[in-house]
Amino acid sequence: MVEEVKEHLLNTIIPFWKNLRDNENGGYYGWLDYDLKLDKKAVKGCILNSRITWFFANAYTLLKDESLLDEAKHGFQFMKDYCFDKENGGIYWSITYDGKPEDTTKHTYNQAFCIYALSSYYEASGDTEALQMAKGLFRIIEEKCTDEVGYLEAFDKEFHLIENDKLSENGVIADKTMNTLLHVFEAYTELYRVSKDADVKKRLEWILDTIADKIYNPTLHRQEVFFDKNYNSILDLHSYGHDIETAWLLNRGVDVLGEDSYQKKLAPIIDDLTNQIYKIAFDGRSLANECEKGVVNEHRIWWVQAEAVVGFLNGYTRHPERKDYLDAAKAEWQFIKDYMIDKRKGSEWFWETDKDGKPYPNRPIVEPWKCPYHNGRMCMEVIRRNIDVA
């Protein structure tokens, strides 16, 4: 599997995203439809460009190919020049194709992904400006995007609180979300890893406590997803992809943190989330999407499949006696090869298929959320872990 995944990274994912580079207006093109028609004038999501920058920076760190560092630098330059609000601070939600603010919403989730990208770009390039920008966004989140309970979600460009319609789904508008908290945690993990900043460490510990004490539901063996302002759950929803992703990201986070007390506190949660997803969401070859009020959504989403590979490999690494996790990772990779990867020339992965692997033709190949963050990261994690499940 390791060699197959590496070949896929080198010969499909990396070339595909290199080809989306916009050398005229900066950054990366924001839309490729299902029929592989590129819209060069589509909106450029700042999350998309943060994630692409993160991807190329990490790929360079792993593979040491100078062309990858050049791609990361291209993404960083676009973010610095166009995505940042130089008057009010923070990063916008989206930019027009030629670099003008399109949606000036400041979302905590978006600030976090920029920190994620800047931290990895600093590691790859040694550019201290990127690290200082990441620390600046950390301060913005902590000073402007929190209340006495935790992390708030959406703001206007001057950081006045607005309705969280961008990260609310399933018929609810949430004051706080598991998704935002998870990715603030992920971003802070990377920032702490490259900076060892004491303030970042303190917030990482606070987030771990919050996940353990308020987000994780030990009775239902899952995370709750949408919350009111006091972290009371407001919807019966089990997000399978987020739970398997959370399991291995928590593992990574406590390892980076290096505190035995948090290793001990989070270990049962990591194991429980992994085991529960294996038991109830994995059908022997792929992972369902989610379960709302007892009704399972059987769609197969690209990012959920990618996170399942890493999550099950992580479970096997933690518990080598669980060969079923190893088999699950192998089966999931086979499903991805057979159905999720789009074999058409000039494409990458489908956005979504049914449970039998038939793609839904209304889903684009590239859009503001569809990027190399999940599948590219899966490839890099498999290579780094070097667990051969072939």
# chains A, B, ... in the order shown; residues from 1 in each chain; ligands from 1
>>> select_by_dssp(residues="region 182-362 of chain A", states="strand (DSSP E)", output="PyMOL selection string")
chain A and resi 216-217+222-223+226-227+237-239+290-292+295-297+300-301+352-353
>>> closest_residue(among="A:Ile301, A:Glu163, A:Leu68, A:Cys379", to="Tyr360 (chain A)", atoms="only C-alpha atoms")
A:Ile301
>>> residues_around(residues="region 100-103 of chain A", least_positions_apart="3", cutoff="12 Å", atoms="only C-alpha atoms", output="list in words")
Asn25, Gly26, Lys41, Ala42, Val43, Lys44, Gly45, Cys46, Phe78, Met79, Asp81, Tyr82, Cys83, Phe84, Asp85, Lys86, Ile91, Tyr92, Trp93, Ser94, Ile95, Thr96, Tyr97, Lys106, His107, Phe155, Asp156, Lys157 and Lys166 of chain A
>>> closest_residue(among="A:Gly171, A:Gly258, A:Gly346, A:Pro361", to="Ile13 (chain A)", atoms="only C-alpha atoms")
A:Gly346
>>> residues_around(residues="region 372-378 of chain A", least_positions_apart="6", cutoff="7 Å", atoms="only C-alpha atoms", output="PDB file with N, CA and C atoms, in the first residue's frame")
ATOM      1  N   LEU A   9       0.235   9.863  -4.972  1.00  0.00           N
ATOM      2  CA  LEU A   9       0.575  11.230  -4.576  1.00  0.00           C
ATOM      3  C   LEU A   9       1.442  11.906  -5.634  1.00  0.00           C
ATOM      4  N   ILE A  13      -2.111  13.340  -7.541  1.00  0.00           N
ATOM      5  CA  ILE A  13      -2.549  14.469  -6.721  1.00  0.00           C
ATOM      6  C   ILE A  13      -1.649  15.692  -6.914  1.00  0.00           C
ATOM      7  N   ARG A  51      -5.385  25.591   2.370  1.00  0.00           N
ATOM      8  CA  ARG A  51      -5.175  24.146   2.369  1.00  0.00           C
ATOM      9  C   ARG A  51      -4.198  23.722   1.262  1.00  0.00           C
ATOM     10  N   ILE A  52      -4.265  24.364   0.107  1.00  0.00           N
ATOM     11  CA  ILE A  52      -3.316  24.042  -0.965  1.00  0.00           C
ATOM     12  C   ILE A  52      -1.906  24.429  -0.543  1.00  0.00           C
ATOM     13  N   PHE A  55      -0.717  21.924   1.872  1.00  0.00           N
ATOM     14  CA  PHE A  55      -0.415  20.668   1.191  1.00  0.00           C
ATOM     15  C   PHE A  55       0.971  20.708   0.543  1.00  0.00           C
ATOM     16  N   TRP A 303     -13.574  13.048   1.488  1.00  0.00           N
ATOM     17  CA  TRP A 303     -12.716  13.307   2.640  1.00  0.00           C
ATOM     18  C   TRP A 303     -12.945  12.284   3.753  1.00  0.00           C
ATOM     19  N   ALA A 306     -10.814   9.264   2.966  1.00  0.00           N
ATOM     20  CA  ALA A 306      -9.395   9.537   3.229  1.00  0.00           C
ATOM     21  C   ALA A 306      -9.086   9.484   4.720  1.00  0.00           C
ATOM     22  N   GLU A 307      -9.942  10.103   5.527  1.00  0.00           N
ATOM     23  CA  GLU A 307      -9.706  10.112   6.972  1.00  0.00           C
ATOM     24  C   GLU A 307      -9.854   8.718   7.574  1.00  0.00           C
ATOM     25  N   VAL A 310      -6.457   6.875   7.444  1.00  0.00           N
ATOM     26  CA  VAL A 310      -5.512   7.320   8.477  1.00  0.00           C
ATOM     27  C   VAL A 310      -5.996   6.907   9.863  1.00  0.00           C
TER      28      VAL A 310
END
>>> select_by_dssp(residues="region 232-265 of chain A", states="helix (DSSP H, G or I)", output="list in words")
Tyr240, Gly241, His242, Asp243, Ile244, Glu245, Thr246, Ala247, Trp248, Leu249, Leu250, Asn251, Arg252, Gly253, Val254, Asp255, Val256, Leu257, Asp260, Ser261, Tyr262, Gln263, Lys264 and Lys265 of chain A
>>> residues_around(residues="Ile269 (chain A)", least_positions_apart="4", cutoff="8 Å", atoms="only C-alpha atoms", output="VMD selection string")
chain A and resid 212 216 247 265 273
>>> atom_distance(atom1="CA of Lys337 (chain A)", atom2="CA of Asp283 (chain A)")
16.7 Å
>>> residues_around(residues="region 134-151 of chain A", least_positions_apart="6", cutoff="7 Å", atoms="only C-alpha atoms", output="PyMOL selection string")
chain A and resi 90+108+111+115+118-119+159+176+181+230
>>> closest_residue(among="A:Thr128, A:Thr219, A:Thr246, A:Glu205", to="Asn179 (chain A)", atoms="only C-alpha atoms")
A:Thr246
>>> atom_distance(atom1="CA of Ala57 (chain A)", atom2="CA of Arg344 (chain A)")
26.9 Å
>>> atom_distance(atom1="CA of Trp369 (chain A)", atom2="CA of Ile47 (chain A)")
7.2 Å
>>> closest_residue(among="A:Val254, A:Leu313, A:Met340, A:Val296", to="Arg384 (chain A)", atoms="only C-alpha atoms")
A:Leu313
>>> residues_around(residues="Ala130 (chain A)", least_positions_apart="2", cutoff="12 Å", atoms="only C-alpha atoms", output="PyMOL selection string")
chain A and resi 53-54+57+72-73+75-77+79-80+114-128+132-137+191+194-195
>>> closest_atom_pairs(of="region 21-94 of chain A", to="region 347-351 of chain A", cutoff="12 Å", atoms="only C-alpha atoms", output="CSV")
residue,atom,partner,partner_atom,distance
A:Leu32,CA,A:Ser347,CA,9.0
A:Asp33,CA,A:Ser347,CA,10.1
A:Tyr34,CA,A:Phe350,CA,8.3
A:Asp35,CA,A:Ser347,CA,9.4
A:Leu36,CA,A:Ser347,CA,7.0
A:Lys37,CA,A:Ser347,CA,10.3
A:Leu38,CA,A:Ser347,CA,11.0
